[in-house]
Every structure is written in structure tokens, then in C-alpha cells.
file input24.txt (compact mmCIF, C-alpha atoms)
# COMPACT_ATOMS: atom_id res chain seq x y z
CA MET A 1 -14.86 39.90 -50.51
CA TRP A 2 -16.30 36.46 -49.74
CA LEU A 3 -12.93 34.77 -49.92
CA PRO A 4 -11.65 35.68 -46.41
CA PHE A 5 -14.92 34.52 -44.84
CA LEU A 6 -14.82 31.31 -46.83
CA GLY A 7 -11.24 30.78 -45.67
CA LEU A 8 -12.21 31.54 -42.07
CA LEU A 9 -15.12 29.09 -42.18
CA LEU A 10 -12.95 26.45 -43.83
CA GLY A 11 -10.27 26.92 -41.18
CA LEU A 12 -12.86 26.81 -38.39
CA ALA A 13 -14.34 23.60 -39.71
CA PHE A 14 -10.92 22.14 -40.19
CA GLY A 15 -9.88 23.09 -36.67
CA LEU A 16 -13.08 21.74 -35.13
CA LEU A 17 -12.80 18.49 -37.02
CA THR A 18 -9.13 17.87 -36.23
CA ASP A 19 -8.54 15.26 -33.63
CA ILE A 20 -4.91 15.99 -32.85
CA GLN A 21 -4.10 16.00 -29.17
CA ILE A 22 -1.35 18.30 -27.98
CA PRO A 23 0.20 18.32 -24.53
CA VAL A 24 -1.54 20.50 -21.98
CA VAL A 25 1.67 22.51 -21.48
CA TYR A 26 1.49 23.91 -25.06
CA GLU A 27 -2.14 24.94 -24.84
CA SER A 28 -1.21 28.34 -23.44
CA TYR A 29 0.74 29.02 -26.66
CA LEU A 30 -2.42 28.47 -28.64
CA SER A 31 -4.25 31.32 -26.94
CA ILE A 32 -1.39 33.66 -27.79
CA ALA A 33 -1.42 32.37 -31.34
CA VAL A 34 -5.13 33.15 -31.57
CA LEU A 35 -4.49 36.66 -30.35
CA ALA A 36 -1.61 37.15 -32.77
CA ALA A 37 -3.68 35.85 -35.68
CA LEU A 38 -6.62 38.13 -34.84
CA ASP A 39 -4.24 41.08 -34.49
CA THR A 40 -2.73 40.37 -37.88
CA ILE A 41 -6.13 39.97 -39.54
CA PHE A 42 -7.45 43.23 -38.14
CA GLY A 43 -4.14 44.91 -38.98
CA GLY A 44 -4.55 43.69 -42.53
CA ILE A 45 -8.11 44.96 -42.74
CA ARG A 46 -7.01 48.34 -41.41
CA ALA A 47 -4.10 48.49 -43.84
CA ASN A 48 -6.44 47.59 -46.65
CA LEU A 49 -8.83 50.33 -45.67
CA GLN A 50 -5.98 52.85 -45.36
CA GLN A 51 -4.65 51.67 -48.73
CA VAL A 52 -1.25 50.75 -47.25
CA TYR A 53 -1.81 47.03 -47.56
CA ASP A 54 1.21 44.97 -48.49
CA ASP A 55 1.26 41.20 -49.07
CA LYS A 56 4.72 40.68 -47.64
CA VAL A 57 4.09 42.72 -44.54
CA PHE A 58 0.78 40.95 -43.99
CA LEU A 59 2.08 37.41 -44.46
CA THR A 60 5.36 37.89 -42.57
CA GLY A 61 3.54 39.82 -39.85
CA PHE A 62 1.08 36.96 -39.42
CA PHE A 63 3.65 34.20 -38.99
CA PHE A 64 6.30 36.35 -37.32
CA ASN A 65 3.86 37.65 -34.72
CA ILE A 66 2.67 34.13 -33.92
CA ALA A 67 6.22 32.84 -33.74
CA LEU A 68 7.35 35.75 -31.58
CA ALA A 69 4.44 35.39 -29.19
CA ALA A 70 4.99 31.65 -28.91
CA GLY A 71 8.72 32.17 -28.40
CA LEU A 72 8.08 34.77 -25.71
CA ALA A 73 5.66 32.45 -23.93
CA PHE A 74 8.17 29.60 -24.22
CA LEU A 75 10.92 31.77 -22.77
CA GLY A 76 8.59 32.93 -20.01
CA VAL A 77 7.69 29.38 -19.06
CA HIS A 78 11.33 28.40 -18.86
CA LEU A 79 12.42 31.53 -16.99
CA GLY A 80 9.54 31.37 -14.56
CA VAL A 81 8.43 34.87 -15.61
CA ASP A 82 5.02 35.37 -17.17
CA LEU A 83 6.40 36.91 -20.37
CA TYR A 84 3.38 35.81 -22.37
CA LEU A 85 1.52 38.59 -20.57
CA ALA A 86 3.66 41.05 -22.52
CA ALA A 87 2.56 39.46 -25.78
CA ILE A 88 -1.08 39.39 -24.71
CA PHE A 89 -0.87 43.03 -23.61
CA ALA A 90 0.81 44.17 -26.83
CA PHE A 91 -1.57 42.25 -29.07
CA GLY A 92 -4.57 43.29 -27.05
CA VAL A 93 -3.71 46.98 -27.24
CA ARG A 94 -2.98 46.73 -30.95
CA LEU A 95 -6.19 44.79 -31.54
CA PHE A 96 -8.24 47.52 -29.93
CA GLN A 97 -6.32 50.24 -31.75
CA ASN A 98 -6.80 48.51 -35.09
CA ILE A 99 -10.48 47.98 -34.46
CA ALA A 100 -10.85 51.63 -33.43
CA VAL A 101 -9.11 52.78 -36.60
CA ILE A 102 -11.29 50.48 -38.71
CA ARG A 103 -14.36 51.85 -37.01
CA ARG A 104 -13.36 55.44 -37.64
CA ILE A 105 -12.55 54.76 -41.27
CA LEU A 106 -15.89 53.01 -41.75
CA ILE A 107 -17.75 55.86 -40.05
CA THR A 108 -15.96 58.42 -42.21
CA LYS A 109 -16.77 56.46 -45.33
CA TRP A 110 -20.40 56.08 -44.30
CA GLU A 111 -20.72 59.79 -43.56
CA GLU A 112 -19.10 60.65 -46.87
CA ARG A 113 -21.56 58.42 -48.66
CA HIS A 114 -24.44 59.87 -46.67
CA ILE A 115 -23.42 63.40 -47.57
CA LYS A 116 -23.00 62.39 -51.21
CA LYS A 117 -26.44 60.82 -51.15
CA GLY A 118 -27.88 63.96 -49.60
CA GLU A 119 -26.24 66.12 -52.23
CA ASN A 120 -27.60 63.81 -54.92
CA THR A 121 -31.13 63.89 -53.57
CA VAL A 122 -31.03 67.60 -53.03
CA MET B 1 -0.83 42.91 -70.50
CA LYS B 2 -2.43 44.83 -67.76
CA LYS B 3 -5.17 42.33 -67.09
CA PRO B 4 -2.97 39.26 -66.42
CA HIS B 5 -0.77 41.36 -64.14
CA TYR B 6 -3.81 42.58 -62.27
CA ASN B 7 -5.15 39.04 -62.23
CA SER B 8 -1.95 37.52 -60.88
CA LYS B 9 -1.64 40.24 -58.27
CA PHE B 10 -5.26 39.74 -57.27
CA THR B 11 -4.85 35.98 -57.10
CA ARG B 12 -1.70 36.33 -55.05
CA LYS B 13 -3.38 38.68 -52.65
CA GLN B 14 -6.43 36.47 -52.48
CA PHE B 15 -4.24 33.45 -51.97
CA ILE B 16 -2.38 35.06 -49.11
CA VAL B 17 -5.58 36.25 -47.51
CA LEU B 18 -7.05 32.80 -47.91
CA ILE B 19 -4.04 31.16 -46.31
CA VAL B 20 -4.01 33.58 -43.42
CA CYS B 21 -7.74 33.26 -42.92
CA ILE B 22 -7.60 29.49 -43.02
CA SER B 23 -4.72 29.51 -40.55
CA THR B 24 -6.54 31.90 -38.23
CA GLY B 25 -9.75 29.93 -38.52
CA PHE B 26 -7.90 26.72 -37.83
CA ILE B 27 -6.18 28.14 -34.79
CA ILE B 28 -9.40 29.59 -33.42
CA GLY B 29 -11.41 26.47 -34.11
CA TYR B 30 -8.77 24.21 -32.71
CA SER B 31 -8.32 26.21 -29.52
CA TYR B 32 -12.09 26.43 -29.16
CA LYS B 33 -12.38 22.68 -29.46
CA LEU B 34 -9.52 22.10 -27.05
CA THR B 35 -11.01 24.47 -24.50
CA LYS B 36 -14.38 22.83 -24.83
CA ASP B 37 -12.87 19.40 -24.24
CA GLU B 38 -10.87 20.71 -21.36
CA VAL B 39 -13.90 22.31 -19.80
CA LYS B 40 -15.82 19.10 -20.26
CA VAL B 41 -13.00 17.09 -18.73
CA ASN B 42 -12.60 19.63 -15.98
CA THR B 43 -16.27 19.71 -15.12
CA SER B 44 -16.59 15.96 -15.19
CA TYR B 45 -13.45 15.70 -13.12
CA LEU B 46 -14.77 18.26 -10.68
CA GLU B 47 -18.12 16.52 -10.48
CA GLN B 48 -16.38 13.23 -9.93
CA GLU B 49 -14.21 14.75 -7.25
CA GLU B 50 -17.24 16.28 -5.63
CA SER B 51 -19.13 13.03 -5.64
CA TYR B 52 -16.10 11.20 -4.29
CA ARG B 53 -15.72 13.78 -1.57
CA GLU B 54 -19.37 13.45 -0.64
CA GLU B 55 -19.04 9.72 -0.62
CA LEU B 56 -15.96 9.97 1.53
CA ILE B 57 -17.70 12.28 3.96
CA SER B 58 -20.73 10.02 4.16
CA GLN B 59 -18.44 7.06 4.65
CA GLN B 60 -16.60 8.86 7.40
CA GLU B 61 -19.87 9.73 9.07
CA ARG B 62 -20.97 6.13 8.77
CA ASN B 63 -17.62 5.08 10.21
CA LYS B 64 -18.10 7.42 13.10
CA GLU B 65 -21.59 6.11 13.75
CA LEU B 66 -20.37 2.55 13.56
CA THR B 67 -17.47 3.30 15.87
CA GLU B 68 -19.86 4.78 18.39
CA GLU B 69 -22.11 1.79 18.02
CA LEU B 70 -19.13 -0.52 18.44
CA THR B 71 -18.04 1.27 21.58
CA ALA B 72 -21.55 1.12 22.98
CA LEU B 73 -21.84 -2.56 22.14
CA GLN B 74 -18.45 -3.29 23.64
CA THR B 75 -19.43 -1.54 26.83
CA LYS B 76 -22.66 -3.50 26.87
CA ARG B 77 -20.81 -6.72 26.24
CA ARG B 78 -18.37 -5.94 29.04
CA GLU B 79 -21.29 -5.40 31.37
CA TYR B 80 -22.81 -8.65 30.24
CA GLU B 81 -19.54 -10.44 30.77
CA LYS B 82 -19.17 -8.95 34.21
CA ASN B 83 -22.72 -9.97 35.02
CA PHE B 84 -22.12 -13.36 33.57
CA ALA B 85 -18.93 -13.83 35.55
CA GLU B 86 -20.72 -12.86 38.72
CA ASN B 87 -23.63 -15.06 37.82
CA GLU B 88 -21.33 -17.90 37.01
CA GLU B 89 -19.62 -17.56 40.33
CA ASP B 90 -22.98 -17.41 42.01
CA TYR B 91 -24.16 -20.25 39.89
CA GLY B 92 -21.12 -22.34 40.81
CA HIS B 93 -21.75 -21.66 44.46
CA LEU B 94 -25.39 -22.45 44.04
CA LEU B 95 -24.61 -25.63 42.20
CA GLU B 96 -22.23 -26.73 44.92
CA GLU B 97 -24.75 -25.85 47.56
CA ALA B 98 -27.49 -27.65 45.69
CA GLU B 99 -25.27 -30.70 45.40
CA ASN B 100 -24.54 -30.63 49.11
CA LEU B 101 -28.19 -30.18 49.89
CA ARG B 102 -29.11 -33.05 47.64
CA LEU B 103 -26.55 -35.19 49.37
CA LEU B 104 -28.02 -34.22 52.69
CA LEU B 105 -31.52 -34.82 51.43
CA GLY B 106 -30.43 -38.12 50.01
CA GLU B 107 -31.75 -37.47 46.57
CA ILE B 108 -28.57 -38.61 44.90
CA PRO B 109 -26.49 -41.65 45.72
CA ALA B 110 -23.54 -40.90 47.96
CA HIS B 111 -20.25 -42.64 47.72
CA GLY B 112 -16.78 -42.03 48.93
CA GLU B 113 -14.68 -42.52 51.99
CA GLY B 114 -16.48 -42.76 55.27
CA ILE B 115 -16.90 -44.67 58.48
CA ARG B 116 -19.00 -47.52 59.65
CA VAL B 117 -20.17 -47.57 63.26
CA THR B 118 -21.64 -50.77 64.57
CA LEU B 119 -23.73 -50.70 67.70
CA LYS B 120 -24.38 -54.00 69.37
CA ASP B 121 -26.21 -54.86 72.52
CA GLY B 122 -23.95 -55.48 75.44
CA GLU B 123 -23.17 -58.95 76.76
CA TYR B 124 -25.86 -60.40 78.78
CA ASN B 125 -25.16 -59.55 82.39
CA PRO B 126 -26.79 -61.91 84.85
CA ASN B 127 -26.28 -59.43 87.63
CA SER B 128 -28.42 -56.90 86.02
CA THR B 129 -32.10 -57.30 86.14
CA ASN B 130 -32.87 -54.50 83.77
CA PRO B 131 -32.13 -55.33 80.15
CA ASN B 132 -32.49 -51.71 79.25
CA GLU B 133 -29.10 -51.17 80.75
CA TYR B 134 -27.25 -52.98 78.02
CA ILE B 135 -29.40 -52.87 74.93
CA VAL B 136 -29.08 -50.21 72.25
CA HIS B 137 -31.72 -47.54 72.48
CA GLU B 138 -32.73 -45.11 69.85
CA SER B 139 -31.12 -42.38 71.94
CA HIS B 140 -27.76 -43.99 71.27
CA VAL B 141 -28.44 -44.10 67.60
CA PHE B 142 -29.58 -40.50 67.77
CA SER B 143 -26.47 -39.34 69.49
CA VAL B 144 -24.27 -41.11 66.96
CA ILE B 145 -26.24 -39.72 64.04
CA ASN B 146 -26.29 -36.24 65.49
CA GLU B 147 -22.61 -36.33 66.11
CA LEU B 148 -22.02 -37.52 62.57
CA LYS B 149 -24.25 -34.84 61.12
CA VAL B 150 -22.61 -32.15 63.17
CA SER B 151 -19.24 -33.38 62.03
CA GLY B 152 -20.19 -32.92 58.43
CA ALA B 153 -21.28 -36.31 57.24
CA GLU B 154 -22.72 -36.03 53.78
CA ALA B 155 -24.98 -39.03 53.99
CA ILE B 156 -25.95 -41.44 56.69
CA SER B 157 -27.62 -44.81 56.51
CA ILE B 158 -28.68 -47.28 59.12
CA ASN B 159 -28.60 -50.92 58.18
CA GLY B 160 -28.63 -49.89 54.55
CA GLN B 161 -31.50 -47.47 54.86
CA ARG B 162 -30.59 -43.96 53.86
CA LEU B 163 -31.69 -41.32 56.29
CA LYS B 164 -33.75 -38.47 54.98
CA SER B 165 -33.86 -35.04 56.48
CA ASN B 166 -37.26 -35.88 57.93
CA SER B 167 -36.62 -39.48 58.86
CA TYR B 168 -37.92 -40.63 62.12
CA ILE B 169 -36.40 -43.21 64.37
CA ARG B 170 -38.39 -44.89 67.03
CA CYS B 171 -37.54 -47.42 69.64
CA ASN B 172 -39.98 -50.22 69.40
CA GLY B 173 -39.00 -52.74 71.97
CA PRO B 174 -35.98 -54.69 70.82
CA VAL B 175 -36.09 -53.18 67.33
CA ILE B 176 -35.79 -49.69 65.93
CA THR B 177 -38.27 -48.36 63.46
CA ILE B 178 -36.83 -46.11 60.83
CA ASP B 179 -39.37 -44.55 58.52
CA GLY B 180 -41.65 -47.47 59.06
CA ASN B 181 -39.03 -50.19 58.56
CA GLN B 182 -38.01 -52.19 61.54
CA TYR B 183 -34.41 -53.12 62.14
CA PRO B 184 -33.02 -55.29 64.88
CA ALA B 185 -29.66 -54.92 66.54
CA PRO B 186 -26.86 -54.75 65.62
CA PHE B 187 -27.16 -51.40 63.98
CA ILE B 188 -24.68 -50.55 61.34
CA ILE B 189 -24.52 -46.81 60.86
CA GLU B 190 -22.67 -45.78 57.75
CA ALA B 191 -21.65 -42.23 57.05
CA VAL B 192 -19.96 -40.72 54.04
CA GLY B 193 -17.68 -37.87 54.94
CA ASP B 194 -14.25 -36.84 55.95
CA VAL B 195 -12.84 -39.71 57.98
CA ASP B 196 -10.30 -37.52 59.69
CA THR B 197 -13.11 -35.35 61.02
CA LEU B 198 -15.74 -37.96 61.77
CA ILE B 199 -13.66 -40.38 63.81
CA PRO B 200 -12.10 -37.80 66.16
CA ALA B 201 -15.53 -36.26 66.59
CA LEU B 202 -16.94 -39.56 67.75
CA LYS B 203 -13.93 -40.33 69.92
CA LEU B 204 -13.89 -37.04 71.77
CA VAL B 205 -13.14 -37.51 75.45
CA GLY B 206 -16.50 -37.61 77.17
CA GLY B 207 -18.13 -37.70 73.78
CA VAL B 208 -20.44 -40.11 72.04
CA PHE B 209 -18.02 -43.00 71.99
CA ASP B 210 -17.35 -42.78 75.70
CA GLN B 211 -21.03 -42.47 76.51
CA LEU B 212 -21.85 -45.54 74.47
CA LEU B 213 -19.12 -47.49 76.19
CA ASN B 214 -20.46 -46.21 79.48
CA ASP B 215 -23.85 -47.62 78.61
CA ARG B 216 -22.16 -50.92 77.99
CA ILE B 217 -22.84 -51.00 74.33
CA VAL B 218 -20.42 -52.71 72.01
CA VAL B 219 -19.25 -50.07 69.56
CA THR B 220 -16.93 -50.65 66.69
CA ILE B 221 -15.77 -47.88 64.42
CA GLU B 222 -14.10 -48.74 61.19
CA GLU B 223 -13.11 -46.48 58.44
CA SER B 224 -13.75 -47.42 54.90
CA ASP B 225 -12.21 -46.06 51.73
CA PHE B 226 -15.35 -46.50 49.80
CA ILE B 227 -18.90 -46.55 51.01
CA GLN B 228 -21.72 -46.74 48.55
CA MET B 229 -25.11 -45.50 49.58
CA PRO B 230 -28.35 -45.68 47.66
CA THR B 231 -30.70 -42.78 47.27
CA ILE B 232 -33.81 -42.57 49.35
CA ASN B 233 -35.81 -43.49 46.30
CA ASP B 234 -33.96 -46.76 45.77
CA GLU B 235 -35.81 -48.63 48.50
call {"tool": "encode", "arguments": {"input": "input24.txt", "output": "C-alpha cells"}}
result
Amino acid sequence: MWLPFLGLLLGLAFGLLTDIQIPVVYESYLSIAVLAALDTIFGGIRANLQQVYDDKVFLTGFFFNIALAAGLAFLGVHLGVDLYLAAIFAFGVRLFQNIAVIRRILITKWEERHIKKGENTV
Amino acid sequence: MKKPHYNSKFTRKQFIVLIVCISTGFIIGYSYKLTKDEVKVNTSYLEQEESYREELISQQERNKELTEELTALQTKRREYEKNFAENEEDYGHLLEEAENLRLLLGEIPAHGEGIRVTLKDGEYNPNSTNPNEYIVHESHVFSVINELKVSGAEAISINGQRLKSNSYIRCNGPVITIDGNQYPAPFIIEAVGDVDTLIPALKLVGGVFDQLLNDRIVVTIEESDFIQMPTINDE
């Protein structure tokens, strides 16, 4: 349970401490990558809670989503069409859906536990 | 058998989760840092731009003020120059006038071309009993001097004595008293001035020259290229 948080903190520290400078043009890709990564993480959590979690799907989804979003943004920049909006929209909607599902699952679990507790006490 | 399998599966899952989490954390941290830097750069850039703009505006205002000041000063200077030019002209006139007046007053030595008029008593005439008829009177000297003055003589002297504006000439028997100094005949009247004006003025028909001749006075008029006259103070 502590491992993901440890990894997140490690990554955060690593990212904050890195001193690599990238061209300003590619900074827009980074925001999409953030969104894709968050989407994948929450998707993973949801899958885990729904007991449909799969390593391959999770890993490939993570990198493939990031790559796809970056590729879409790249294409959009070169075509003069804001295609990265599509990626942001898709990821945003999925992020909210995933979070909503996670919330419902957690609420259900909590209620179940509450009821169990009540039955136990009574 | 079951435990290692479970272990390896758990480790694999953990490993993947760790990798993904590290990647996500890295991306988030990195983008956060980049954005922070950018914001910092942007704000500093904006502040700089703002300060530059303010400086520019203040400079422009200063420029405007200075331009107005310059225009005002130029106008002032032009007025001064105009005044000065007028004054200079006036001053030149005044200087010339002052010089002329000084010449007339005899305060400065006069020199230049002029004429010399010599008045001598006439030849003794035995037929005449009155010597007044052929000696030079102060009236003759007066008429010559007046004629010379009228004709524009700058300076006049009699027997070397410069005439002032308030000189007096008196007939005192056979001599003439000028400002207290007595001079006998012949009288040499020197005048500095335009020769071409002075001589015709004296030789007008019925003029001074004729009158003097009529009074049987020996008059000689000679023109001189250079006559030097002392000031009235050089006595």
C-alpha cells in the first residue's frame, strides 16, 4: 500500500531536483503527459478496486496513452489544429469518470462495513 | 510452490506500480518545476517590461518638457537677438554720432584731408585814412568759420588753436583774442572736412570769399591732404 506513494514521492523529488532544460515548444506536451499519467493511475486504482486489474493493460496503457497524447499534440502543432484539446478532453472526462467510479466503490465498501459493524454490535 | 509464485506476481505488480508512480511523479514534479520557473521568468519579465515602459513614458514626458523649454528658450533667444541687433544698430549710430560730436567738441584729435584758409591784412593803402578798411576783423574770421561749420567741417583751428563749441573770438585792436589767447594777423584757419564741399562753399559767388576780397583782405585757400589738429586739452 505504501509503495505507490513512496514511488510518487520519489518521482516528485526526482522531477523537482532535475535540472534538464527542454525547449519551450515541448512544454505543452508535458501537460498532456501529466494528464495521461494521472488518468492511467486513477484507471489502475479503479481497476484494482473492481478486481479487473491487469499488469499489461496498466503498463501499456500508461506509456501508450502518454505517447498517443504527445503524438496527437505534435500532429496538432504541425497541422495548425489544436488536436491536443481532444486528448485533454478525453483524458479529462475519463479522469472524472474514474474518480467517480472509485468514489462509488469506496462508498459502497464503507457502507457495507458500516452495516456489518452494525450487525456485529447489534 | 504457491508462495514464490504469489511473491513473484506481487513483486512484479509492485514493480510496475512503482515504475508508473515514479514516472508520474517525475512528470508532475518536472512540469511543476518548469511552470514555476516559467512563471518566475514571466513575472520578472513582465515587471521588467513594466518598469521599462514606465521609464520610457517618464523619459518621453521629460523629452516633451525639455522640448517645450527649448522652444521657449529659442523664442526668448530670438527676441534677445532681435533686440540686440536693434540695439547694435542703435549703438552703432550712437557711436558714430558720439564720435562726430566729440570731433565737433574737439575732445579728440582730428586729422585728415582739409583746407587751410589764410587771412592777411590788405596792403597798406595810402589813400585810405581808415585802417579798419583793410585789416582783418573778427567778423571776417567769424564768417569764414561759420561757413566752414555750415559746410560740415569736423574741426577748426585758428593759428593752431582748436576751436571749442563755446569758444569766443574777440577783436582786440590789431589782434584777435581766442579763448583768452591773443593772435596777430595773419590768421591761418584750418578745417578738417570734405575738401570738395568746403572749398566750393567758401567760393560761392557772393559768398564768403568774395566778401573778404571785397573788404580788401588777402585770402588764400589751399587744400591739404593731411591736417593734424590737437585736442582742446593739448594746449
call {"tool": "atom_distance", "arguments": {"input": "input24.txt", "atom1": "atom CA of A:Leu85", "atom2": "atom CA of B:Ile22"}}
result
25.9 Å
call {"tool": "residues_around", "arguments": {"input": "input24.txt", "residues": "A:Leu12", "least_positions_apart": "3", "cutoff": "8 Å", "atoms": "all atoms listed in the file", "output": "VMD selection string"}}
result
(chain A and resid 8 to 9 15 to 16) or (chain B and resid 22 25 to 30)
call {"tool": "interface_residues", "arguments": {"input": "input24.txt", "of": "chain A", "to": "chain B", "cutoff": "12 Å", "atoms": "all atoms listed in the file", "output": "ChimeraX atom specification"}}
result
/A:1-24,26-42,44-45,48,53-63,66
call {"tool": "atom_distance", "arguments": {"input": "input24.txt", "atom1": "atom CA of B:Asp210", "atom2": "atom CA of B:Gln228"}}
result
27.8 Å
call {"tool": "closest_residue", "arguments": {"input": "input24.txt", "among": "A:Leu83, A:Leu49, A:Ala69, A:Val77", "to": "A:Arg103", "atoms": "all atoms listed in the file"}}
result
A:Leu49
call {"tool": "atom_distance", "arguments": {"input": "input24.txt", "atom1": "atom CA of A:Gly92", "atom2": "atom CA of B:Asp37"}}
result
25.4 Å
call {"tool": "residues_around", "arguments": {"input": "input24.txt", "residues": "B:Asn146", "least_positions_apart": "2", "cutoff": "12 Å", "atoms": "all atoms listed in the file", "output": "PyMOL selection string"}}
result
chain B and resi 138-144+148-153+155-156+163+165+189+191+198+201-202+207-208
call {"tool": "closest_residue", "arguments": {"input": "input24.txt", "among": "B:Ile199, B:Val205, B:Leu66, B:Ile188", "to": "B:Leu119", "atoms": "only C-alpha atoms"}}
result
B:Ile188
call {"tool": "closest_residue", "arguments": {"input": "input24.txt", "among": "B:Asp225, B:Glu79, B:Asp121, B:Glu96", "to": "B:Gly193", "atoms": "all atoms listed in the file"}}
result
B:Asp225
call {"tool": "decode", "arguments": {"input": "input24.txt", "residues": "stretch 60-86 of chain A", "atoms": "N, CA and C atoms", "output": "short mmCIF file (atom, residue, chain, number, x, y, z; two decimals), in the first residue's frame"}}
result
data_model
loop_
_atom_site.label_atom_id
_atom_site.label_comp_id
_atom_site.auth_asym_id
_atom_site.auth_seq_id
_atom_site.Cartn_x
_atom_site.Cartn_y
_atom_site.Cartn_z
N THR A 60 1.03 -0.87 -20.40
CA THR A 60 0.93 -0.42 -21.79
C THR A 60 0.02 0.80 -21.88
N GLY A 61 -1.05 0.80 -21.08
CA GLY A 61 -1.97 1.94 -21.08
C GLY A 61 -1.24 3.21 -20.68
N PHE A 62 -0.40 3.09 -19.65
CA PHE A 62 0.35 4.26 -19.17
C PHE A 62 1.20 4.87 -20.28
N PHE A 63 2.08 4.03 -20.85
CA PHE A 63 3.01 4.59 -21.85
C PHE A 63 2.31 4.90 -23.17
N PHE A 64 1.34 4.01 -23.55
CA PHE A 64 0.65 4.23 -24.82
C PHE A 64 -0.18 5.51 -24.78
N ASN A 65 -0.86 5.72 -23.65
CA ASN A 65 -1.66 6.94 -23.53
C ASN A 65 -0.78 8.19 -23.63
N ILE A 66 0.33 8.16 -22.92
CA ILE A 66 1.25 9.31 -22.96
C ILE A 66 1.75 9.53 -24.38
N ALA A 67 2.17 8.44 -25.02
CA ALA A 67 2.71 8.54 -26.37
C ALA A 67 1.64 9.03 -27.33
N LEU A 68 0.44 8.52 -27.20
CA LEU A 68 -0.66 8.93 -28.09
C LEU A 68 -0.98 10.40 -27.92
N ALA A 69 -1.09 10.81 -26.65
CA ALA A 69 -1.39 12.22 -26.38
C ALA A 69 -0.30 13.13 -26.95
N ALA A 70 0.96 12.75 -26.71
CA ALA A 70 2.06 13.55 -27.22
C ALA A 70 2.04 13.57 -28.74
N GLY A 71 1.77 12.42 -29.34
CA GLY A 71 1.73 12.35 -30.81
C GLY A 71 0.61 13.20 -31.35
N LEU A 72 -0.55 13.17 -30.69
CA LEU A 72 -1.69 13.99 -31.13
C LEU A 72 -1.34 15.47 -31.04
N ALA A 73 -0.73 15.85 -29.93
CA ALA A 73 -0.33 17.26 -29.75
C ALA A 73 0.68 17.66 -30.82
N PHE A 74 1.62 16.76 -31.09
CA PHE A 74 2.65 17.02 -32.10
C PHE A 74 2.01 17.25 -33.46
N LEU A 75 1.08 16.32 -33.80
CA LEU A 75 0.37 16.43 -35.07
C LEU A 75 -0.41 17.75 -35.13
N GLY A 76 -1.06 18.06 -34.02
CA GLY A 76 -1.86 19.28 -33.96
C GLY A 76 -1.01 20.52 -34.18
N VAL A 77 0.16 20.53 -33.56
CA VAL A 77 1.06 21.68 -33.72
C VAL A 77 1.46 21.83 -35.18
N HIS A 78 1.73 20.71 -35.81
CA HIS A 78 2.22 20.78 -37.19
C HIS A 78 1.10 20.99 -38.20
N LEU A 79 -0.14 20.65 -37.83
CA LEU A 79 -1.26 20.86 -38.74
C LEU A 79 -1.92 22.21 -38.51
N GLY A 80 -1.56 22.84 -37.39
CA GLY A 80 -2.18 24.11 -37.07
C GLY A 80 -3.57 23.93 -36.46
N VAL A 81 -3.91 22.68 -36.10
CA VAL A 81 -5.20 22.43 -35.43
C VAL A 81 -4.90 22.04 -33.99
N ASP A 82 -5.70 22.54 -33.07
CA ASP A 82 -5.43 22.25 -31.66
C ASP A 82 -5.93 20.85 -31.30
N LEU A 83 -5.24 19.84 -31.82
CA LEU A 83 -5.65 18.45 -31.57
C LEU A 83 -5.41 18.03 -30.13
N TYR A 84 -4.48 18.70 -29.47
CA TYR A 84 -4.21 18.30 -28.08
C TYR A 84 -5.43 18.52 -27.20
N LEU A 85 -6.35 19.40 -27.68
CA LEU A 85 -7.59 19.60 -26.92
C LEU A 85 -8.38 18.31 -26.85
N ALA A 86 -8.34 17.53 -27.95
CA ALA A 86 -9.04 16.24 -27.97
C ALA A 86 -8.49 15.34 -26.88
#
